[in-house]
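Shown here: my_file-v9.cif, mmCIF, C-alpha atoms and all ligand atoms.
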```
data_my_file
#
loop_
_atom_site.label_atom_id
_atom_site.label_comp_id
_atom_site.auth_asym_id
_atom_site.auth_seq_id
_atom_site.Cartn_x
_atom_site.Cartn_y
_atom_site.Cartn_z
CA MET A 1 -12.71 -23.62 147.76
CA ARG A 2 -9.34 -25.27 147.87
CA PHE A 3 -7.57 -26.22 144.66
CA GLY A 4 -4.78 -28.78 144.36
CA VAL A 5 -2.37 -28.71 141.44
CA LEU A 6 0.30 -31.10 140.19
CA THR A 7 2.51 -31.49 137.11
CA GLY A 8 3.19 -35.07 135.95
CA GLY A 9 5.15 -36.85 133.21
CA GLY A 10 7.99 -35.37 131.17
CA ASP A 11 8.50 -31.67 131.84
CA CYS A 12 8.16 -29.08 129.09
CA PRO A 13 8.21 -25.30 128.77
CA GLY A 14 4.83 -23.90 129.81
CA LEU A 15 4.30 -25.83 133.04
CA ASN A 16 5.28 -22.89 135.22
CA PRO A 17 3.01 -20.40 133.42
CA ALA A 18 0.18 -22.94 133.77
CA ILE A 19 0.77 -23.28 137.55
CA ARG A 20 0.84 -19.49 137.84
CA ALA A 21 -2.45 -19.23 135.96
CA VAL A 22 -4.17 -21.78 138.23
CA VAL A 23 -3.01 -19.98 141.38
CA ARG A 24 -3.85 -16.48 140.14
CA ARG A 25 -7.24 -17.38 138.67
CA ALA A 26 -8.24 -19.25 141.83
CA ALA A 27 -7.02 -16.39 144.05
CA ALA A 28 -8.89 -13.84 141.94
CA ALA A 29 -12.10 -15.73 142.76
CA GLY A 30 -11.18 -15.93 146.47
CA HIS A 31 -9.87 -19.52 146.52
CA GLU A 32 -6.59 -21.01 147.70
CA THR A 33 -4.23 -23.48 146.06
CA VAL A 34 -1.92 -26.19 147.34
CA GLY A 35 0.77 -27.64 145.05
CA PHE A 36 1.70 -31.34 145.18
CA LEU A 37 5.35 -32.13 144.48
CA ASP A 38 6.80 -34.41 141.81
CA GLY A 39 3.56 -35.38 140.10
CA TRP A 40 1.45 -38.18 141.54
CA ARG A 41 4.31 -39.10 143.86
CA GLY A 42 3.52 -35.99 145.92
CA LEU A 43 -0.05 -37.12 146.40
CA ARG A 44 1.01 -40.66 147.21
CA ASP A 45 3.67 -39.58 149.73
CA ASP A 46 1.91 -36.43 150.94
CA GLN A 47 4.50 -33.93 149.78
CA SER A 48 3.08 -30.48 149.14
CA ARG A 49 3.58 -26.75 149.45
CA PRO A 50 1.11 -23.90 149.67
CA LEU A 51 0.98 -21.72 146.56
CA LEU A 52 0.14 -18.09 147.18
CA PRO A 53 0.08 -15.48 144.38
CA ALA A 54 3.45 -14.23 145.72
CA ASP A 55 4.93 -17.70 145.12
CA VAL A 56 4.20 -17.64 141.41
CA VAL A 57 5.70 -14.24 140.53
CA GLY A 58 7.83 -14.50 137.37
CA LEU A 59 6.71 -18.02 136.49
CA GLU A 60 5.35 -16.90 133.11
CA ARG A 61 8.91 -17.00 131.73
CA ARG A 62 10.51 -19.93 133.59
CA GLY A 63 11.15 -23.35 132.02
CA GLY A 64 10.64 -26.60 133.91
CA THR A 65 8.21 -26.88 136.81
CA VAL A 66 8.65 -25.44 140.29
CA LEU A 67 6.49 -28.29 141.60
CA GLY A 68 8.80 -30.95 140.20
CA THR A 69 7.54 -33.93 138.21
CA SER A 70 7.90 -37.69 137.91
CA ARG A 71 6.53 -40.55 135.88
CA THR A 72 4.80 -42.12 138.89
CA ASN A 73 1.70 -44.17 138.15
CA PRO A 74 -0.50 -43.80 141.26
CA PHE A 75 -2.86 -46.57 140.22
CA ALA A 76 -0.25 -49.26 139.61
CA LYS A 77 -0.91 -50.50 143.18
CA GLU A 78 -4.20 -50.23 145.06
CA ASP A 79 -2.33 -49.25 148.19
CA ASP A 80 -0.86 -46.21 146.39
CA ALA A 81 -4.29 -45.24 145.05
CA ASN A 82 -5.67 -45.23 148.61
CA LYS A 83 -2.79 -43.03 149.75
CA VAL A 84 -3.59 -40.53 146.98
CA LEU A 85 -7.25 -40.39 148.04
CA ALA A 86 -6.26 -39.98 151.71
CA THR A 87 -3.84 -37.11 150.90
CA LEU A 88 -6.53 -35.23 149.00
CA ASP A 89 -8.88 -35.58 151.99
CA ARG A 90 -6.19 -34.60 154.49
CA HIS A 91 -5.53 -31.38 152.56
CA ARG A 92 -9.25 -30.74 152.08
CA VAL A 93 -8.78 -30.42 148.33
CA ASP A 94 -12.07 -29.70 146.57
CA VAL A 95 -10.75 -29.85 143.02
CA LEU A 96 -7.45 -31.20 141.70
CA VAL A 97 -5.95 -29.67 138.55
CA ALA A 98 -3.71 -32.32 136.94
CA ILE A 99 -1.34 -30.90 134.34
CA GLY A 100 0.16 -33.60 132.14
CA GLY A 101 0.17 -35.71 129.00
CA ASP A 102 -1.55 -38.97 128.19
CA ASP A 103 -0.32 -40.90 131.24
CA THR A 104 -1.07 -38.15 133.77
CA LEU A 105 -4.50 -37.49 132.27
CA THR A 106 -5.30 -41.23 132.31
CA ALA A 107 -4.50 -41.28 136.04
CA ALA A 108 -6.60 -38.12 136.49
CA ARG A 109 -9.55 -39.82 134.80
CA GLU A 110 -9.18 -42.78 137.15
CA LEU A 111 -9.24 -40.42 140.12
CA HIS A 112 -12.38 -38.81 138.74
CA ARG A 113 -13.95 -42.27 138.35
CA ARG A 114 -13.17 -42.86 142.02
CA GLY A 115 -15.30 -39.89 142.97
CA LYS A 116 -12.80 -37.01 143.19
CA ALA A 117 -13.30 -33.69 141.42
CA VAL A 118 -10.53 -33.36 138.83
CA VAL A 119 -9.85 -31.11 135.84
CA GLY A 120 -7.06 -31.93 133.38
CA VAL A 121 -4.72 -29.58 131.55
CA PRO A 122 -2.89 -31.11 128.56
CA LYS A 123 0.83 -30.47 128.19
CA THR A 124 3.59 -32.19 126.26
CA MET A 125 6.34 -31.24 123.90
CA ASP A 126 5.12 -34.18 121.78
CA ASN A 127 1.81 -32.43 120.89
CA ASP A 128 0.11 -35.83 120.94
CA VAL A 129 -2.90 -35.33 123.22
CA ARG A 130 -6.26 -35.83 121.50
CA GLY A 131 -8.99 -33.20 121.53
CA THR A 132 -6.74 -30.15 121.66
CA ASP A 133 -5.35 -28.34 118.63
CA TRP A 134 -1.99 -27.76 120.33
CA THR A 135 -0.31 -28.68 123.60
CA PHE A 136 2.00 -26.20 125.26
CA GLY A 137 5.67 -27.18 125.24
CA PHE A 138 5.52 -28.18 121.59
CA HIS A 139 6.32 -24.83 119.98
CA SER A 140 9.19 -24.23 122.41
CA ALA A 141 10.67 -27.67 121.71
CA VAL A 142 10.41 -27.17 117.96
CA ALA A 143 12.11 -23.76 118.23
CA VAL A 144 15.09 -25.47 119.92
CA ALA A 145 15.17 -28.25 117.32
CA VAL A 146 15.00 -25.82 114.38
CA ASP A 147 17.83 -23.81 115.92
CA ALA A 148 19.87 -27.04 116.16
CA LEU A 149 19.10 -27.90 112.53
CA GLU A 150 20.23 -24.47 111.38
CA ARG A 151 23.52 -24.90 113.21
CA LEU A 152 23.94 -28.36 111.70
CA ARG A 153 23.29 -26.90 108.24
CA ASP A 154 26.29 -24.58 108.56
CA THR A 155 28.67 -27.35 109.48
CA ALA A 156 27.18 -29.87 107.00
CA ASP A 157 27.56 -27.30 104.23
CA SER A 158 31.16 -26.48 105.19
CA HIS A 159 32.28 -30.13 105.36
CA HIS A 160 30.08 -31.42 102.51
CA ARG A 161 28.51 -33.99 104.80
CA ALA A 162 25.16 -35.54 105.52
CA ILE A 163 23.93 -34.90 109.07
CA VAL A 164 21.03 -36.56 110.85
CA LEU A 165 19.22 -34.76 113.67
CA GLU A 166 17.31 -37.05 116.05
CA VAL A 167 14.48 -35.43 118.00
CA MET A 168 12.02 -36.78 120.58
CA GLY A 169 8.74 -38.41 119.60
CA ARG A 170 7.67 -41.91 120.52
CA ASN A 171 4.49 -42.70 118.57
CA ALA A 172 3.80 -39.25 117.21
CA GLY A 173 6.23 -37.44 114.93
CA TRP A 174 4.99 -33.88 115.45
CA VAL A 175 8.35 -32.51 116.59
CA ALA A 176 10.25 -34.09 113.68
CA LEU A 177 7.58 -33.01 111.21
CA ALA A 178 7.55 -29.39 112.37
CA THR A 179 11.36 -29.26 112.58
CA GLY A 180 11.78 -30.71 109.09
CA LEU A 181 9.16 -28.40 107.63
CA ALA A 182 10.25 -25.21 109.37
CA GLY A 183 13.97 -25.95 109.07
CA GLY A 184 13.99 -27.15 105.46
CA ALA A 185 15.27 -30.71 105.91
CA ASP A 186 15.89 -32.83 102.82
CA ALA A 187 14.23 -35.87 104.40
CA THR A 188 12.15 -36.19 107.55
CA LEU A 189 11.23 -39.51 109.13
CA VAL A 190 8.28 -39.91 111.52
CA PRO A 191 6.89 -43.00 113.29
CA GLU A 192 3.57 -42.64 111.44
CA GLU A 193 5.15 -43.75 108.15
CA PRO A 194 6.84 -47.13 107.58
CA TYR A 195 10.57 -46.68 106.94
CA ASP A 196 11.32 -47.07 103.23
CA GLU A 197 15.11 -47.25 102.87
CA GLU A 198 15.22 -46.88 99.12
CA ALA A 199 13.02 -43.77 99.06
CA PHE A 200 14.91 -42.29 102.03
CA LEU A 201 18.36 -42.82 100.51
CA GLY A 202 17.07 -41.42 97.21
CA ARG A 203 16.25 -38.14 98.94
CA VAL A 204 19.65 -37.98 100.61
CA ARG A 205 21.42 -38.73 97.31
CA ARG A 206 19.47 -36.02 95.48
CA ALA A 207 20.39 -33.44 98.13
CA LEU A 208 24.07 -34.46 98.05
CA ALA A 209 24.11 -34.26 94.25
CA ALA A 210 22.46 -30.83 94.24
CA ARG A 211 24.60 -29.06 96.88
CA ARG A 212 27.06 -31.52 98.40
CA TYR A 213 25.36 -31.73 101.81
CA ALA A 214 22.16 -33.23 103.17
CA LEU A 215 20.07 -32.67 106.27
CA VAL A 216 17.84 -35.33 107.76
CA VAL A 217 15.46 -35.08 110.72
CA THR A 218 14.16 -38.21 112.43
CA SER A 219 11.91 -39.00 115.37
CA GLU A 220 13.51 -41.25 117.95
CA GLY A 221 10.50 -43.58 117.58
CA VAL A 222 11.00 -44.46 113.90
CA ASP A 223 11.10 -48.24 113.52
CA LEU A 224 14.32 -49.28 111.76
CA GLY A 225 14.02 -52.83 113.06
CA LEU A 226 16.55 -52.06 115.81
CA ARG A 227 16.50 -54.02 119.03
CA ARG A 228 15.69 -52.35 122.32
CA GLY A 229 18.30 -50.11 123.98
CA ALA A 230 21.09 -52.06 125.65
CA ALA A 231 19.94 -51.32 129.18
CA GLY A 232 16.30 -52.05 128.29
CA ALA A 233 15.33 -49.44 130.87
CA LYS A 234 11.67 -48.45 131.23
CA ASP A 235 9.92 -45.57 132.94
CA GLY A 236 7.13 -45.76 135.57
CA PHE A 237 4.46 -46.23 132.91
CA GLY A 238 6.42 -49.04 131.23
CA HIS A 239 7.67 -47.06 128.22
CA GLU A 240 11.05 -47.97 126.76
CA ILE A 241 13.65 -45.18 126.95
CA LEU A 242 13.92 -44.64 123.21
CA ALA A 243 16.99 -42.41 123.10
CA GLU A 244 19.07 -45.52 123.89
CA ARG A 245 18.09 -47.11 120.59
CA GLY A 246 20.05 -44.52 118.66
CA VAL A 247 17.92 -44.23 115.54
CA GLY A 248 19.80 -41.13 114.33
CA ALA A 249 23.21 -42.77 114.66
CA GLU A 250 21.97 -45.87 112.83
CA LEU A 251 20.60 -43.77 109.96
CA ALA A 252 23.94 -41.98 109.70
CA ARG A 253 25.71 -45.35 109.38
CA ARG A 254 23.30 -46.44 106.65
CA ILE A 255 23.69 -43.16 104.71
CA GLN A 256 27.49 -43.36 104.82
CA ALA A 257 27.50 -47.02 103.76
CA ALA A 258 25.10 -46.43 100.87
CA THR A 259 26.34 -43.08 99.53
CA GLY A 260 29.97 -42.90 100.63
CA ALA A 261 29.31 -39.37 101.96
CA GLU A 262 30.82 -38.58 105.31
CA THR A 263 27.88 -38.59 107.71
CA ARG A 264 27.32 -37.53 111.31
CA SER A 265 24.38 -37.52 113.68
CA ALA A 266 23.24 -35.40 116.61
CA GLN A 267 20.76 -36.34 119.31
CA ILE A 268 19.51 -33.24 121.13
CA GLY A 269 17.49 -35.18 123.72
CA HIS A 270 16.39 -33.24 126.77
CA ILE A 271 17.76 -29.94 125.47
CA GLN A 272 14.37 -29.82 123.69
CA ARG A 273 12.53 -29.87 126.98
CA GLY A 274 14.31 -27.05 128.80
CA GLY A 275 14.54 -23.30 128.49
CA ALA A 276 12.10 -20.42 128.71
CA PRO A 277 8.73 -21.07 127.06
CA GLU A 278 8.07 -19.45 123.69
CA ILE A 279 5.38 -16.74 123.70
CA PHE A 280 2.79 -19.06 122.12
CA ASP A 281 3.32 -21.58 124.93
CA ARG A 282 3.16 -18.88 127.63
CA LEU A 283 -0.18 -17.72 126.26
CA LEU A 284 -1.61 -21.22 125.78
CA ALA A 285 -0.48 -22.40 129.22
CA SER A 286 -1.97 -19.28 130.85
CA ARG A 287 -5.26 -19.77 129.05
CA LEU A 288 -5.54 -23.49 129.85
CA GLY A 289 -4.51 -23.08 133.51
CA ALA A 290 -7.10 -20.33 134.00
CA GLY A 291 -9.57 -22.31 131.89
CA ALA A 292 -9.24 -25.32 134.21
CA VAL A 293 -10.13 -23.16 137.22
CA ASP A 294 -13.09 -21.69 135.32
CA LEU A 295 -14.35 -25.19 134.47
CA ALA A 296 -14.08 -26.21 138.13
CA LEU A 297 -15.90 -23.07 139.31
CA ALA A 298 -18.66 -23.78 136.78
CA GLY A 299 -19.04 -27.26 138.30
CA ARG A 300 -17.64 -28.91 135.16
CA THR A 301 -15.12 -31.28 136.70
CA GLY A 302 -14.26 -34.55 134.97
CA THR A 303 -13.12 -32.50 132.00
CA VAL A 304 -9.92 -31.41 130.27
CA ALA A 305 -9.33 -27.77 129.30
CA VAL A 306 -8.35 -27.73 125.63
CA LEU A 307 -7.77 -25.35 122.74
CA ARG A 308 -10.24 -25.68 119.86
CA GLY A 309 -9.57 -23.15 117.12
CA VAL A 310 -9.25 -19.90 119.05
CA ALA A 311 -11.42 -20.92 122.04
CA VAL A 312 -10.65 -22.72 125.30
CA GLU A 313 -13.22 -25.45 125.96
CA GLY A 314 -13.81 -28.29 128.40
CA ILE A 315 -14.09 -31.81 126.99
CA PRO A 316 -14.67 -35.12 128.83
CA PHE A 317 -11.55 -37.12 129.75
CA ASP A 318 -12.54 -39.90 127.34
CA GLU A 319 -12.37 -37.52 124.41
CA ALA A 320 -8.80 -36.46 125.27
CA LEU A 321 -7.57 -40.01 125.89
CA GLY A 322 -7.46 -43.28 123.99
CA GLY A 323 -4.08 -43.29 122.30
CA ALA A 324 -1.72 -40.65 121.04
CA ARG A 325 -2.85 -38.06 118.51
CA ILE A 326 -0.60 -38.92 115.61
CA VAL A 327 0.37 -36.71 112.67
CA GLU A 328 -2.55 -36.34 110.27
CA PRO A 329 -2.16 -37.27 106.55
CA ALA A 330 -2.53 -33.65 105.34
CA TRP A 331 0.58 -32.70 107.34
CA LEU A 332 2.54 -35.63 105.88
CA ASP A 333 1.43 -34.58 102.42
CA LEU A 334 2.71 -31.05 103.06
CA LEU A 335 5.97 -32.38 104.49
CA HIS A 336 6.74 -34.46 101.40
CA THR A 337 6.14 -31.48 99.11
CA PHE A 338 9.55 -30.26 100.34
CA ASP A 339 11.50 -33.53 100.15
CA ALA A 340 14.72 -33.47 98.14
O1 LIG B 1 7.36 -36.40 127.25
C1 LIG B 1 7.47 -37.40 126.27
C2 LIG B 1 8.88 -37.54 125.84
O2 LIG B 1 9.31 -36.28 125.53
C3 LIG B 1 9.12 -38.50 124.68
O3 LIG B 1 9.12 -37.92 123.41
C4 LIG B 1 10.48 -39.09 125.04
O4 LIG B 1 10.63 -40.37 124.49
C5 LIG B 1 10.42 -39.13 126.53
O5 LIG B 1 9.65 -38.03 126.91
C6 LIG B 1 11.74 -39.09 127.26
O6 LIG B 1 11.45 -39.19 128.60
P1 LIG B 1 12.46 -39.15 129.82
O7 LIG B 1 12.52 -37.73 130.28
O8 LIG B 1 11.81 -40.02 130.84
O9 LIG B 1 13.78 -39.64 129.33
#
```
Could you write out this structure as structure tokens?
Ligand code: F6P
Amino acid sequence: MRFGVLTGGGDCPGLNPAIRAVVRRAAAAGHETVGFLDGWRGLRDDQSRPLLPADVVGLERRGGTVLGTSRTNPFAKEDDANKVLATLDRHRVDVLVAIGGDDTLTAARELHRRGKAVVGVPKTMDNDVRGTDWTFGFHSAVAVAVDALERLRDTADSHHRAIVLEVMGRNAGWVALATGLAGGADATLVPEEPYDEEAFLGRVRRALAARRYALVVTSEGVDLGLRRGAAGAKDGFGHEILAERGVGAELARRIQAATGAETRSAQIGHIQRGGAPEIFDRLLASRLGAGAVDLALAGRTGTVAVLRGVAVEGIPFDEALGGARIVEPAWLDLLHTFDA
């Protein structure tokens, strides 16, 4: 058999270990793998490279993706969709493994509906894919954000300031939630909860009164009623580039105006998406990459390899798609136990 593999959407730590797992698991069963470059763009434009076991040596510890990625939507134009189908035929690909988040997996489902054998592997630092307990990339991103918060704590404490840390997260606040919980923030804002200025400022005031500094974590996607970013730029799937809105900077202005405390903000942006994958993400990516090959070899295409409890399972595309997996109420309840 011949496997194809691509990585699409925003990169995150764990993509390289997942590619390595696909190649090694396929090779162990006597099959070869071809990698398509820059996500769906590689299939549209017929850009590929062979992937032999020797090509994936050391990928268990490398950040980013050696295949490259893009936010290309292959089904935005029918002409592009036909090119994708033709490339798969030209390369005699029997099964495509599509590694990506919601957008990539939605395109993979469409390809499956058009008669191609596809298996999905969920990834995203946002942890917002349905049907899987965790996505790889998330734990690594949170480790970076918690490290940033700890550094901000030192300087906030020294200067007796409030500091706001803005992390990624469009509709789902998993990264902010985990950073706030693990890093001991005084207030954490996520898109799942409507912004309540009075309650928020109350938390900041209590922290300032108790120890003369305050730490806030916010998702970039929290709705403060701000207008779109100045450039109004959008990615290939039509999503607004949220970092331009500057939610963290706006919160800092509001804190300073309301409390009089000197306030700063930090936006760590794409720093969260780079670097070597944490061990948890290396293990999860390896299991899901190998799991995708196993599903294909068992004839179970049209599925997504996911983590359920301690087991890797295959679930239909429809179960993994249909909107972001947002933070569940029990997590929010836990988060607010630690509010100032
Ligand atoms: O991968 C999703 C995400 O991490 C979002 O949280 C964030 O808004 C977006 O990517 C940023 O994407 P880009 O790399 O296109 O700026």
Set up a box along x, y and z of the file covering all listed atoms of ligand LIG 1 (chain B), add 3 Å on every one of the six sides, and write the centre and edge lengths in Å to one decimal, as JSON.
```
{"center_x": 10.6, "center_y": -38.3, "center_z": 127.1, "size_x": 12.4, "size_y": 10.1, "size_z": 13.4}
```
Would you give me, as a tab-separated table, each residue of region 210-314 of chain A having an atom within 12 Å of an atom of region 69-74 of chain A, along with its shortest atom pair and that distance in Å to one decimal, using all atoms listed in the file and sorting by chain and residue number?
```
residue	atom	partner	partner_atom	distance
A:Lys234	CA	A:Arg71	CA	10.5
A:Asp235	CA	A:Arg71	CA	6.7
A:Gly236	CA	A:Arg71	CA	5.3
A:Phe237	CA	A:Asn73	CA	6.3
A:Gly238	CA	A:Arg71	CA	9.7
A:His239	CA	A:Arg71	CA	10.1
```
Self-check item: Residue contacts of Thr132 (chain A) (8 Å, all atoms listed in the file) excluding same-chain residues fewer than 2 positions away, as an MDAnalysis selection string
Solution: chainID A and resid 122 129:130 134:135 306:308 320
Quiz item: ligand LIG 1 (chain B): which residues are within 10 Å, counting all atoms listed in the file, as JSON, numbers by chain?
Solution: {"A": [8, 9, 10, 11, 12, 70, 71, 100, 101, 102, 103, 123, 124, 125, 126, 127, 128, 137, 138, 141, 167, 168, 169, 170, 171, 172, 173, 174, 175, 219, 220, 221, 234, 235, 236, 237, 239, 240, 241, 242, 243, 244, 269, 270, 272, 273]}
Self-check item: Option closest in space to Gly4 (chain A), from A:Thr104, A:Asn16, A:Ser286, A:Thr33 [counting only C-alpha atoms]
Solution: A:Thr33
Residues within 9 Å of His336 (chain A), all atoms listed in the file, excluding chain neighbours under 4 positions, as a tab-separated table (two decimals) with C-alpha atoms, in the frame of the given file:
```
chain	number	residue	atom	x	y	z
A	187	ALA	CA	14.23	-35.87	104.40
A	188	THR	CA	12.15	-36.19	107.55
A	331	TRP	CA	0.58	-32.70	107.34
A	332	LEU	CA	2.54	-35.63	105.88
A	340	ALA	CA	14.72	-33.47	98.14
```
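You can rank A:Leu224, A:Val164, A:Lys116, A:Gly183 by their closest distance to Glu197 (chain A) using all atoms listed in the file, and at the top of that list sits A:Leu224.
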Exercise. Measure the distance from CA of Phe338 (chain A) to CA of Val217 (chain A) in Å and round it to one decimal.
Key: 12.9 Å
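In terms of minimum interatomic distance to His139 (chain A), A:Ala182 ranks closest within A:Ala182, A:Val93, A:Val66, A:Val204, counting all atoms listed in the file.
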Self-check item: Residue nearest Asp186 (chain A) - candidates A:Leu37, A:Ala107, A:Asp339, A:Gly302, atoms counted: all atoms listed in the file
Solution: A:Asp339
